[in-house]
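Undergrad: Got a structure for you, structure-v8.csv, holding CSV, C-alpha atoms.
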```csv
chain,number,residue,atom,x,y,z
A,1,MET,CA,105.2,302.3,90.7
A,2,THR,CA,104.9,302.6,94.5
A,3,LYS,CA,103.6,306.2,94.6
A,4,PRO,CA,100.3,305.6,92.6
A,5,TRP,CA,99.6,302.6,94.8
A,6,LEU,CA,100.2,304.7,98.0
A,7,ILE,CA,98.0,307.5,96.7
A,8,ALA,CA,95.2,305.0,95.8
A,9,ALA,CA,95.5,303.4,99.2
A,10,LEU,CA,95.5,306.7,101.0
A,11,SER,CA,92.5,307.9,99.1
A,12,LEU,CA,90.7,304.7,99.9
A,13,LEU,CA,91.7,305.0,103.5
A,14,LEU,CA,90.4,308.6,103.7
A,15,ALA,CA,87.1,307.6,102.1
A,16,ALA,CA,86.7,304.7,104.5
A,17,CYS,CA,87.4,307.0,107.5
A,18,ALA,CA,85.1,309.9,106.4
A,19,PRO,CA,82.5,310.7,109.1
A,20,VAL,CA,79.0,309.7,108.5
A,21,ALA,CA,76.9,312.6,107.3
A,22,ALA,CA,74.2,313.8,109.7
A,23,PRO,CA,70.6,313.3,108.5
A,24,ARG,CA,69.2,316.3,106.6
A,25,PRO,CA,65.7,317.5,107.1
A,26,TYR,CA,65.1,318.0,103.4
A,27,PRO,CA,66.4,316.5,100.1
A,28,ASP,CA,69.0,318.2,98.2
A,29,ALA,CA,68.0,321.6,96.9
A,30,THR,CA,68.3,320.4,93.3
A,31,VAL,CA,65.3,317.9,93.9
A,32,ASP,CA,61.7,319.1,94.0
A,33,PRO,CA,60.4,317.8,97.3
A,34,GLY,CA,56.9,317.6,95.9
A,35,ALA,CA,57.9,315.7,92.7
A,36,ALA,CA,56.9,312.0,92.3
A,37,PRO,CA,59.7,309.4,92.1
A,38,ILE,CA,60.9,308.7,88.6
A,39,ALA,CA,59.7,305.3,87.5
A,40,SER,CA,62.2,302.7,86.3
A,41,SER,CA,62.3,302.4,82.5
A,42,ALA,CA,62.5,298.5,82.8
A,43,PRO,CA,59.1,296.8,82.0
A,44,SER,CA,57.6,294.6,84.6
A,45,ALA,CA,56.3,291.1,84.0
A,46,VAL,CA,52.5,290.7,83.7
A,47,PRO,CA,50.9,287.7,85.5
A,48,ILE,CA,49.6,284.8,83.4
A,49,SER,CA,45.8,284.5,83.2
A,50,VAL,CA,44.4,280.9,82.9
A,51,ILE,CA,41.4,281.0,80.6
A,52,THR,CA,40.6,277.2,80.5
A,53,SER,CA,42.4,274.2,82.1
A,54,THR,CA,41.1,270.7,81.6
A,55,TYR,CA,42.7,267.3,81.0
A,56,GLY,CA,43.8,267.6,77.3
A,57,SER,CA,43.5,271.3,76.9
A,58,LEU,CA,45.0,274.6,78.3
A,59,GLN,CA,44.5,278.1,77.3
A,60,ILE,CA,46.3,281.1,78.9
A,61,LYS,CA,46.7,284.9,78.4
A,62,THR,CA,50.2,286.3,78.7
A,63,GLN,CA,52.2,289.0,76.9
A,64,PRO,CA,52.2,288.9,73.1
A,65,LEU,CA,54.8,286.7,71.5
A,66,ASP,CA,56.0,285.3,74.9
A,67,SER,CA,57.6,281.9,74.8
A,68,CYS,CA,55.8,279.5,77.1
A,69,GLU,CA,56.1,276.0,78.3
A,70,VAL,CA,53.6,273.9,80.2
A,71,ALA,CA,54.5,270.9,82.4
A,72,ILE,CA,51.6,268.4,82.5
A,73,LYS,CA,51.5,266.7,85.9
A,74,VAL,CA,49.3,263.6,85.7
A,75,ASP,CA,49.6,260.2,87.3
A,76,PRO,CA,49.9,257.7,84.3
A,77,GLY,CA,49.1,254.7,86.5
A,78,SER,CA,51.2,251.6,87.2
A,79,LEU,CA,50.8,250.3,83.6
A,80,GLY,CA,49.8,253.4,81.6
A,81,ASP,CA,51.6,255.6,79.1
A,82,GLY,CA,50.3,259.0,80.3
A,83,PRO,CA,50.0,262.3,78.4
A,84,PRO,CA,53.1,264.2,77.2
A,85,LYS,CA,55.3,265.5,80.0
A,86,SER,CA,55.6,269.0,78.6
A,87,LEU,CA,54.8,271.2,75.6
A,88,ARG,CA,56.1,274.5,74.2
A,89,ALA,CA,54.3,277.2,72.3
A,90,LYS,CA,54.6,280.9,71.5
A,91,ALA,CA,51.8,283.4,72.4
A,92,ASP,CA,50.0,285.1,69.4
A,93,LEU,CA,49.8,288.8,68.9
A,94,SER,CA,47.0,289.0,71.5
A,95,GLY,CA,49.0,287.1,74.0
A,96,VAL,CA,46.9,283.9,73.9
A,97,VAL,CA,48.5,280.5,74.0
A,98,THR,CA,46.4,277.3,73.4
A,99,TRP,CA,47.6,273.8,74.0
A,100,THR,CA,45.7,270.6,73.2
A,101,TYR,CA,47.3,267.1,73.8
A,102,ALA,CA,46.4,263.4,73.8
A,103,THR,CA,44.4,262.2,76.8
A,104,PRO,CA,45.2,258.5,77.2
A,105,LEU,CA,43.7,256.3,79.8
A,106,VAL,CA,45.0,257.3,83.3
A,107,PRO,CA,43.7,256.8,86.8
A,108,ALA,CA,41.0,259.1,88.1
A,109,GLY,CA,42.2,261.9,90.3
A,110,HIS,CA,43.6,265.4,89.8
A,111,GLY,CA,46.2,266.8,87.5
A,112,ARG,CA,48.1,270.1,87.3
A,113,HIS,CA,49.3,272.4,84.5
A,114,GLU,CA,52.5,274.3,85.5
A,115,VAL,CA,53.1,277.1,83.0
A,116,ALA,CA,56.2,279.4,82.6
A,117,CYS,CA,56.5,282.2,80.1
A,118,SER,CA,59.3,284.6,79.3
A,119,GLY,CA,59.7,287.6,77.0
A,120,GLU,CA,60.6,291.2,76.9
A,121,ARG,CA,58.9,291.9,80.2
A,122,GLY,CA,60.7,289.0,82.0
A,123,LYS,CA,59.6,285.7,83.3
A,124,THR,CA,56.4,284.7,85.0
A,125,ASP,CA,54.7,281.4,85.9
A,126,THR,CA,51.5,280.0,87.2
A,127,SER,CA,49.7,276.7,87.7
A,128,SER,CA,46.2,275.3,87.6
A,129,GLU,CA,44.6,272.1,88.7
A,130,PHE,CA,42.0,270.0,86.8
A,131,ASP,CA,40.0,266.8,87.5
A,132,VAL,CA,40.7,263.5,85.7
A,133,THR,CA,38.0,261.0,85.4
A,134,LEU,CA,38.7,257.3,84.6
A,135,LYS,CA,37.6,256.9,81.0
A,136,LYS,CA,36.8,253.6,79.3
A,137,ILE,CA,38.7,252.5,76.2
A,138,ASP,CA,36.2,252.7,73.4
A,139,ALA,CA,36.4,250.0,70.8
A,140,ARG,CA,35.1,252.5,68.2
A,141,GLY,CA,38.3,254.5,68.5
A,142,PHE,CA,41.4,254.2,70.7
A,143,THR,CA,45.2,254.5,70.5
A,144,THR,CA,47.9,252.0,71.1
A,145,ARG,CA,51.7,252.0,70.8
A,146,ILE,CA,54.0,249.1,70.0
A,147,GLU,CA,57.2,248.9,72.0
A,148,ALA,CA,60.1,246.5,71.7
A,149,VAL,CA,61.4,245.3,75.1
A,150,ASP,CA,65.1,245.2,75.4
A,151,PRO,CA,66.4,241.9,76.7
A,152,PHE,CA,69.0,243.5,78.9
A,153,SER,CA,67.0,246.3,80.5
A,154,GLY,CA,63.8,244.2,80.6
A,155,LEU,CA,60.3,245.6,81.5
A,156,SER,CA,59.0,246.5,84.9
A,157,GLY,CA,56.8,243.8,86.4
A,158,VAL,CA,58.1,241.1,84.0
A,159,SER,CA,60.3,238.4,85.7
A,160,SER,CA,60.6,235.9,82.8
A,161,ARG,CA,64.0,235.5,81.2
A,162,LEU,CA,64.5,237.5,78.0
A,163,GLU,CA,66.9,236.2,75.3
A,164,PRO,CA,68.9,238.3,72.9
A,165,SER,CA,68.7,235.4,70.4
A,166,LEU,CA,65.0,236.1,70.1
A,167,MET,CA,65.4,239.7,69.1
A,168,PRO,CA,65.0,238.9,65.3
A,169,ALA,CA,61.7,237.1,66.0
A,170,ARG,CA,60.6,240.1,68.2
A,171,ASP,CA,61.5,242.6,65.5
A,172,ALA,CA,59.7,240.6,62.8
A,173,ASP,CA,56.5,240.6,64.9
A,174,ILE,CA,56.8,244.3,65.5
A,175,ALA,CA,57.3,245.0,61.8
A,176,ARG,CA,54.2,243.0,60.9
A,177,MET,CA,52.1,244.6,63.6
A,178,THR,CA,53.2,248.1,62.6
A,179,ALA,CA,52.3,247.5,59.0
A,180,THR,CA,49.0,245.7,59.5
A,181,LEU,CA,47.4,246.1,62.9
A,182,GLU,CA,45.4,249.2,62.2
A,183,ASN,CA,43.7,247.7,59.1
A,184,GLU,CA,43.4,244.3,60.8
A,185,TRP,CA,41.5,245.9,63.7
A,186,LYS,CA,39.1,247.5,61.2
A,187,LEU,CA,38.5,244.2,59.4
A,188,ALA,CA,38.2,242.3,62.7
A,189,THR,CA,35.5,244.7,63.9
A,190,ARG,CA,33.7,244.7,60.5
A,191,GLY,CA,34.5,248.4,60.0
A,192,LEU,CA,33.0,249.4,63.3
A,193,GLY,CA,36.3,250.1,65.2
A,194,THR,CA,39.3,252.2,64.7
A,195,LEU,CA,42.8,251.6,66.2
A,196,ALA,CA,45.4,254.3,65.7
A,197,LEU,CA,49.1,253.5,66.3
A,198,VAL,CA,50.8,256.5,67.9
A,199,PRO,CA,54.4,257.1,68.9
A,200,ALA,CA,53.6,258.2,72.5
A,201,SER,CA,50.8,258.8,75.0
A,202,ALA,CA,48.7,255.8,74.0
A,203,ASP,CA,45.6,254.4,75.7
A,204,LEU,CA,47.4,251.1,75.9
A,205,VAL,CA,50.9,249.9,75.0
A,206,VAL,CA,51.6,246.5,73.4
A,207,TYR,CA,55.0,245.4,74.6
A,208,VAL,CA,56.7,242.7,72.4
A,209,LEU,CA,59.2,240.7,74.4
A,210,PRO,CA,62.1,238.5,73.1
A,211,GLY,CA,61.2,235.7,75.5
A,212,ARG,CA,59.1,232.7,76.1
A,213,GLY,CA,55.8,233.0,77.8
A,214,THR,CA,52.0,233.3,77.4
A,215,SER,CA,50.9,236.6,75.9
A,216,VAL,CA,48.5,238.4,78.1
A,217,HIS,CA,46.3,241.5,78.7
A,218,LEU,CA,47.0,243.1,82.1
A,219,LEU,CA,44.6,245.3,84.0
A,220,ALA,CA,45.9,247.1,87.1
A,221,GLY,CA,43.9,248.1,90.1
A,222,ASP,CA,44.1,251.8,89.1
A,223,GLY,CA,42.5,251.1,85.7
A,224,SER,CA,45.7,251.3,83.6
A,225,GLN,CA,46.3,248.5,81.2
A,226,ARG,CA,48.9,246.9,78.9
A,227,VAL,CA,49.4,243.9,76.6
A,228,LEU,CA,52.5,241.6,76.6
A,229,VAL,CA,53.2,239.6,73.4
A,230,TYR,CA,56.0,237.0,73.6
A,231,ALA,CA,58.1,235.9,70.6
A,232,VAL,CA,57.8,232.3,71.7
A,233,ASP,CA,54.7,230.7,73.3
A,234,GLU,CA,53.8,227.2,74.4
A,235,PHE,CA,53.6,226.0,70.8
A,236,GLY,CA,56.9,227.5,69.6
A,237,THR,CA,58.0,230.6,67.8
A,238,VAL,CA,55.1,232.9,67.0
A,239,SER,CA,55.1,233.7,63.3
A,240,ALA,CA,55.0,237.3,62.3
A,241,GLU,CA,51.5,236.8,60.8
A,242,ASN,CA,50.2,235.1,63.8
A,243,SER,CA,51.6,237.8,66.1
A,244,VAL,CA,48.9,240.1,64.7
A,245,ALA,CA,46.2,237.6,65.6
A,246,VAL,CA,47.7,237.3,69.1
A,247,ALA,CA,47.6,241.1,69.5
A,248,LEU,CA,44.0,241.3,68.3
A,249,HIS,CA,43.1,238.5,70.8
A,250,GLU,CA,44.8,240.3,73.7
A,251,LEU,CA,43.3,243.7,72.8
A,252,GLY,CA,39.9,241.9,72.7
A,253,HIS,CA,40.3,241.2,76.4
A,254,ILE,CA,39.8,244.9,77.1
A,255,TRP,CA,36.1,244.2,76.8
A,256,CYS,CA,35.7,240.4,76.5
A,257,CYS,CA,34.8,238.1,78.0
A,258,PHE,CA,32.7,238.5,81.1
A,259,GLY,CA,29.4,237.1,82.5
A,260,PRO,CA,28.0,233.6,82.8
A,261,GLU,CA,29.1,232.6,79.3
A,262,ALA,CA,32.8,233.3,80.1
A,263,GLY,CA,35.3,231.6,82.3
A,264,PRO,CA,37.6,233.3,84.9
A,265,ASP,CA,40.3,233.5,82.3
A,266,GLY,CA,38.2,235.8,80.1
A,267,HIS,CA,37.4,233.3,77.4
A,268,TRP,CA,34.1,231.8,76.2
A,269,LEU,CA,33.2,228.6,78.0
A,270,GLU,CA,31.6,227.2,74.8
A,271,LYS,CA,32.6,227.6,71.2
A,272,ILE,CA,29.6,228.9,69.2
A,273,ALA,CA,30.0,229.3,65.5
A,274,ASP,CA,29.1,232.6,64.0
A,275,PRO,CA,27.0,231.8,60.9
A,276,LEU,CA,28.5,234.8,59.0
A,277,LEU,CA,32.1,233.7,59.6
A,278,GLN,CA,34.0,230.9,57.9
A,279,GLY,CA,37.1,228.8,58.2
A,280,VAL,CA,39.4,229.4,61.2
A,281,ASP,CA,37.3,232.6,62.0
A,282,GLN,CA,34.0,230.8,62.5
A,283,TYR,CA,34.2,230.8,66.3
A,284,GLY,CA,35.7,234.3,66.6
A,285,LEU,CA,38.8,235.4,68.4
A,286,MET,CA,38.1,234.9,72.1
A,287,THR,CA,38.1,231.2,72.6
A,288,HIS,CA,40.7,229.2,74.3
A,289,PRO,CA,42.7,227.5,73.0
A,290,VAL,CA,42.6,229.3,69.8
A,291,THR,CA,42.3,226.9,66.9
A,292,CYS,CA,44.7,227.7,64.0
A,293,LEU,CA,45.1,226.2,60.6
A,294,VAL,CA,48.7,224.9,60.0
A,295,GLY,CA,49.7,224.0,56.5
A,296,ARG,CA,52.9,223.5,54.5
A,297,GLY,CA,54.7,226.8,54.9
A,298,PHE,CA,51.9,228.7,56.6
A,299,GLU,CA,50.0,229.1,59.9
A,300,SER,CA,46.6,230.9,59.9
A,301,CYS,CA,44.9,231.8,63.1
A,302,PRO,CA,41.5,233.6,63.7
A,303,ASN,CA,41.5,237.3,63.2
A,304,ARG,CA,37.8,238.2,63.1
A,305,PHE,CA,35.6,238.9,66.1
A,306,SER,CA,32.3,237.1,66.3
A,307,GLU,CA,29.0,238.9,66.7
A,308,ARG,CA,28.8,238.1,70.4
A,309,GLU,CA,32.3,239.5,70.9
A,310,LEU,CA,31.4,242.7,69.0
A,311,ARG,CA,28.3,243.1,71.2
A,312,SER,CA,30.5,242.7,74.3
A,313,MET,CA,32.6,245.7,72.9
A,314,GLY,CA,29.4,247.8,72.9
A,315,PHE,CA,28.4,247.6,69.3
A,316,ALA,CA,24.7,247.2,68.7
A,317,GLN,CA,24.2,247.4,64.9
A,318,ILE,CA,26.5,244.8,63.6
A,319,PRO,CA,26.9,244.3,59.8
A,320,ALA,CA,28.0,241.2,57.9
A,321,PRO,CA,31.8,240.8,57.9
A,322,PRO,CA,33.7,242.2,54.9
A,323,ALA,CA,34.6,239.7,52.2
A,324,ASP,CA,37.8,237.8,52.9
A,325,PRO,CA,39.8,237.3,49.6
A,326,CYS,CA,41.2,234.1,50.9
A,327,LEU,CA,37.8,232.7,51.8
A,328,ASN,CA,36.5,233.9,48.4
A,329,GLN,CA,39.3,232.0,46.7
A,330,ARG,CA,38.6,228.9,48.8
A,331,ASN,CA,34.9,229.1,47.8
A,332,VAL,CA,35.8,229.4,44.1
A,333,LEU,CA,38.2,226.5,44.3
A,334,GLY,CA,35.8,224.5,46.4
A,335,ALA,CA,33.1,224.9,43.7
A,336,ARG,CA,35.6,224.0,41.0
A,337,LEU,CA,36.6,220.9,43.0
A,338,THR,CA,33.0,219.8,43.2
A,339,THR,CA,32.5,220.1,39.5
A,340,GLN,CA,35.8,218.4,38.7
A,341,GLY,CA,34.9,215.6,41.1
A,342,ALA,CA,31.6,215.1,39.4
A,343,GLU,CA,33.4,214.9,36.0
A,344,VAL,CA,35.8,212.3,37.3
A,345,ASP,CA,33.0,210.3,38.7
A,346,ALA,CA,31.0,210.5,35.4
A,347,ALA,CA,34.1,209.4,33.3
A,348,LYS,CA,34.8,206.6,35.7
A,349,ALA,CA,31.2,205.4,35.4
A,350,GLN,CA,31.4,205.5,31.6
A,351,ALA,CA,34.7,203.5,31.8
A,352,ALA,CA,33.0,201.0,34.1
A,353,LEU,CA,30.1,200.6,31.6
A,354,VAL,CA,32.5,199.9,28.7
A,355,LYS,CA,34.6,197.6,30.8
A,356,GLY,CA,31.4,195.7,31.7
A,357,LYS,CA,30.8,195.1,28.0
A,358,ILE,CA,34.4,193.9,27.5
A,359,ASP,CA,34.1,191.6,30.5
A,360,ALA,CA,30.9,190.1,29.1
A,361,ILE,CA,32.5,189.2,25.8
A,362,LEU,CA,35.4,187.6,27.5
A,363,ALA,CA,33.1,185.7,29.8
A,364,GLN,CA,31.2,184.4,26.7
A,365,TYR,CA,34.4,183.4,24.9
A,366,PRO,CA,36.7,182.0,27.7
A,367,SER,CA,39.0,180.5,25.0
A,368,ARG,CA,39.5,184.0,23.6
A,369,GLN,CA,38.7,182.7,20.2
A,370,LEU,CA,36.3,185.4,19.0
A,371,PRO,CA,34.2,185.4,15.8
A,372,PRO,CA,35.3,188.2,13.4
A,373,ASP,CA,32.2,190.4,14.1
A,374,VAL,CA,32.6,189.9,17.8
A,375,TYR,CA,36.3,190.6,17.6
A,376,ASN,CA,35.6,193.9,15.8
A,377,THR,CA,33.2,194.8,18.6
A,378,TYR,CA,35.7,193.8,21.2
A,379,ILE,CA,38.5,195.9,19.7
A,380,GLY,CA,36.2,198.9,19.4
A,381,LEU,CA,35.3,198.6,23.1
A,382,VAL,CA,38.9,198.3,24.2
A,383,ASP,CA,39.8,201.4,22.2
A,384,GLN,CA,36.9,203.2,23.7
A,385,TYR,CA,37.9,202.1,27.2
A,386,ASN,CA,41.5,203.3,26.8
A,387,ALA,CA,40.3,206.7,25.5
A,388,ILE,CA,38.0,207.1,28.5
A,389,ALA,CA,40.9,206.0,30.8
A,390,ASN,CA,43.1,208.6,29.4
A,391,ASP,CA,40.3,211.2,29.9
A,392,VAL,CA,39.9,210.0,33.5
A,393,ASP,CA,43.6,210.5,34.1
A,394,THR,CA,43.5,214.0,32.7
A,395,LYS,CA,40.4,214.9,34.9
A,396,VAL,CA,42.0,213.3,38.0
A,397,ALA,CA,45.2,215.4,37.4
A,398,ALA,CA,43.1,218.6,37.2
A,399,TYR,CA,41.2,217.6,40.3
A,400,ASN,CA,44.5,217.0,42.2
A,401,ALA,CA,45.8,220.4,41.1
A,402,THR,CA,42.8,222.1,42.6
A,403,VAL,CA,43.2,220.1,45.8
A,404,SER,CA,46.8,221.4,46.0
A,405,GLN,CA,45.7,225.0,45.5
A,406,LEU,CA,43.1,224.6,48.2
A,407,ASN,CA,45.6,223.1,50.6
A,408,ALA,CA,48.0,226.0,50.0
A,409,LEU,CA,45.5,228.6,51.1
A,410,PRO,CA,46.1,230.1,54.6
A,411,CYS,CA,42.5,230.0,55.5
```
Using structure tokens, write down the structure from this file.

TA:
Amino acid sequence: MTKPWLIAALSLLLAACAPVAAPRPYPDATVDPGAAPIASSAPSAVPISVITSTYGSLQIKTQPLDSCEVAIKVDPGSLGDGPPKSLRAKADLSGVVTWTYATPLVPAGHGRHEVACSGERGKTDTSSEFDVTLKKIDARGFTTRIEAVDPFSGLSGVSSRLEPSLMPARDADIARMTATLENEWKLATRGLGTLALVPASADLVVYVLPGRGTSVHLLAGDGSQRVLVYAVDEFGTVSAENSVAVALHELGHIWCCFGPEAGPDGHWLEKIADPLLQGVDQYGLMTHPVTCLVGRGFESCPNRFSERELRSMGFAQIPAPPADPCLNQRNVLGARLTTQGAEVDAAKAQAALVKGKIDAILAQYPSRQLPPDVYNTYIGLVDQYNAIANDVDTKVAAYNATVSQLNALPC
């Protein structure tokens, strides 16, 4: 075993000690001195060409079928959601890659796309800058996201105490908002506006907190915005149905209310009824305090914007509000109640007339000794009165049943 090791060491030693060869004036005789160097067979990466780069869109040219990723560097603002952080895509057969992404409200400034692609020719990258202008949230169409705030991790900028025991109320509010907020916004704006719930990159986030506080719309100095909805307000636990009205009210503060008719808190100074709205909605959504209808087992708060509120959102041609099924039912029951009340009054008047005739007979015969013909008349009147009294009782019962139906309506 030692000899091979010695031979290997000796060979290595001899190689290490070999003298350095002197420079030769020409290459080896086996190489043509005029021949060009042989190119490497490994393909080289081709630089990425940026075709277009704007906030919300990027198109590049790279090698066909390359796998590419873009990092989107945009300041989301202190309260904003911001666009997606990164996106992946594969180049087509011509080497073109196109990305489009959501452009939520972010502060004005500059952004940057940082792209990296890889494929058979290796890896390459590039970047391109673009301008970002501060857009205004348009009531005709915007995006929002609903997020549950964890009571343990909390939410940046919120100092109020959050309570795990209020998580069920928080979750009930979120479930109702998720199911109904899109349609309620459409109804609230008389079909003029569209609100889209998205899982990420929203214009504005509605945070639902398991805590006690006053729900609020917040606007940062950089233009980013958010809404906080508390599970419990100054009046107690916010019902799931009322949480939707609260969200509509706070979203309304994106545009309302400003000017001489509004106070510093963003609410109308004077309640002015909209002639096309009824019930709890007649003053719109942007008054303070909001007047709700509380009945046995329900609470109904305004969820329709008035005409002046819609104008503050930028709408000019404002149609009549869509029919409200609850208000339609109230109107039907109200008309029925009027008819039933008139029937009760008429029956009571008839009963009073008959009773007057009975009283007249009794006054004429205080001894109650009635001649036979008068007695027969008296008995007929008593029977008539009792029949009318029974009819009055039936009509009063029907009237009271309608009153109960009216009182049970949540509008």

Undergrad: Using only C-alpha atoms, which residues sit within 12 Å of A:Ala175 once same-chain residues fewer than 2 positions away are excluded, as JSON, numbers by chain?

TA: {"A": [146, 147, 148, 168, 169, 170, 171, 172, 173, 177, 178, 179, 180, 181, 208, 239, 240, 241, 243, 244]}

Undergrad: Please build the interface table for stretch 181-271 of chain A against stretch 322-338 of chain A with a cut-off of 10 Å, listing for each qualifying residue the nearest atom pair and the distance in Å to one decimal; count only C-alpha atoms, order rows by chain and increasing number, and write it as a Markdown table.

TA:
```
| residue | atom | partner | partner_atom | distance |
| --- | --- | --- | --- | --- |
| A:Lys186 | CA | A:Pro322 | CA | 9.8 |
| A:Leu187 | CA | A:Pro322 | CA | 6.9 |
| A:Ala188 | CA | A:Pro322 | CA | 9.0 |
| A:Thr189 | CA | A:Pro322 | CA | 9.5 |
| A:Arg190 | CA | A:Pro322 | CA | 6.1 |
| A:Gly191 | CA | A:Pro322 | CA | 8.1 |
```

Undergrad: If you measure from atom CA of A:Ala102 to atom CA of A:Val158, what distance in Å do you get, rounded to one decimal?

TA: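 Separation of atom CA of A:Ala102 and atom CA of A:Val158: 27.2 Å.
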
Undergrad: Nearest to A:Ser57 among A:Asn400, A:Ser118, A:Ser86, A:Thr98, with distances taken over all atoms listed in the file: which residue is it?

TA: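 Looking at the shortest contact to A:Ser57, the residue is A:Thr98.
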
Undergrad: Separation of atom CA of A:Leu162 and atom CA of A:Ala231, in Å?

TA: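 The value is 9.9 Å.
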
Undergrad: Leaving out stretch 291-293 of chain A and any residue of its chain fewer than 5 positions from it, which residues lie within 7 Å of it when counting all atoms listed in the file, given as JSON, numbers by chain?

TA: {"A": [280, 299, 300, 301, 302, 411]}

Undergrad: What is the atom CA of A:Gln340 to atom CA of A:Ala397 distance in Å?

TA: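 Distance reported for this atom pair: 10.0 Å.
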
Undergrad: Closest to A:Gly119 among A:Ala91, A:Ala139, A:Ala200, A:Thr103, using all atoms listed in the file?

TA: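 Closest to A:Gly119, using all atoms listed in the file: A:Ala91.
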
Undergrad: Between A:Gln350, A:Ser78, A:Gln384, A:Ser404, which has the minimum distance to A:Ser224 (counting all atoms listed in the file)?

TA: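 Using all atoms listed in the file, A:Ser224 sits closest to A:Ser78.
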
Undergrad: Around (49.4, 278.3, 70.9), as given in the file, which residues come within 12 Å? Count only C-alpha atoms and list them as a list of chain:residue names.

TA: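 Collected hits near the coordinates: A:Ser57, A:Leu58, A:Gln59, A:Ile60, A:Lys61, A:Thr62, A:Pro64, A:Leu65, A:Asp66, A:Ser67, A:Cys68, A:Glu69, A:Val70, A:Leu87, A:Arg88, A:Ala89, A:Lys90, A:Ala91, A:Asp92, A:Leu93, A:Ser94, A:Gly95, A:Val96, A:Val97, A:Thr98, A:Trp99, A:Thr100, A:Tyr101.
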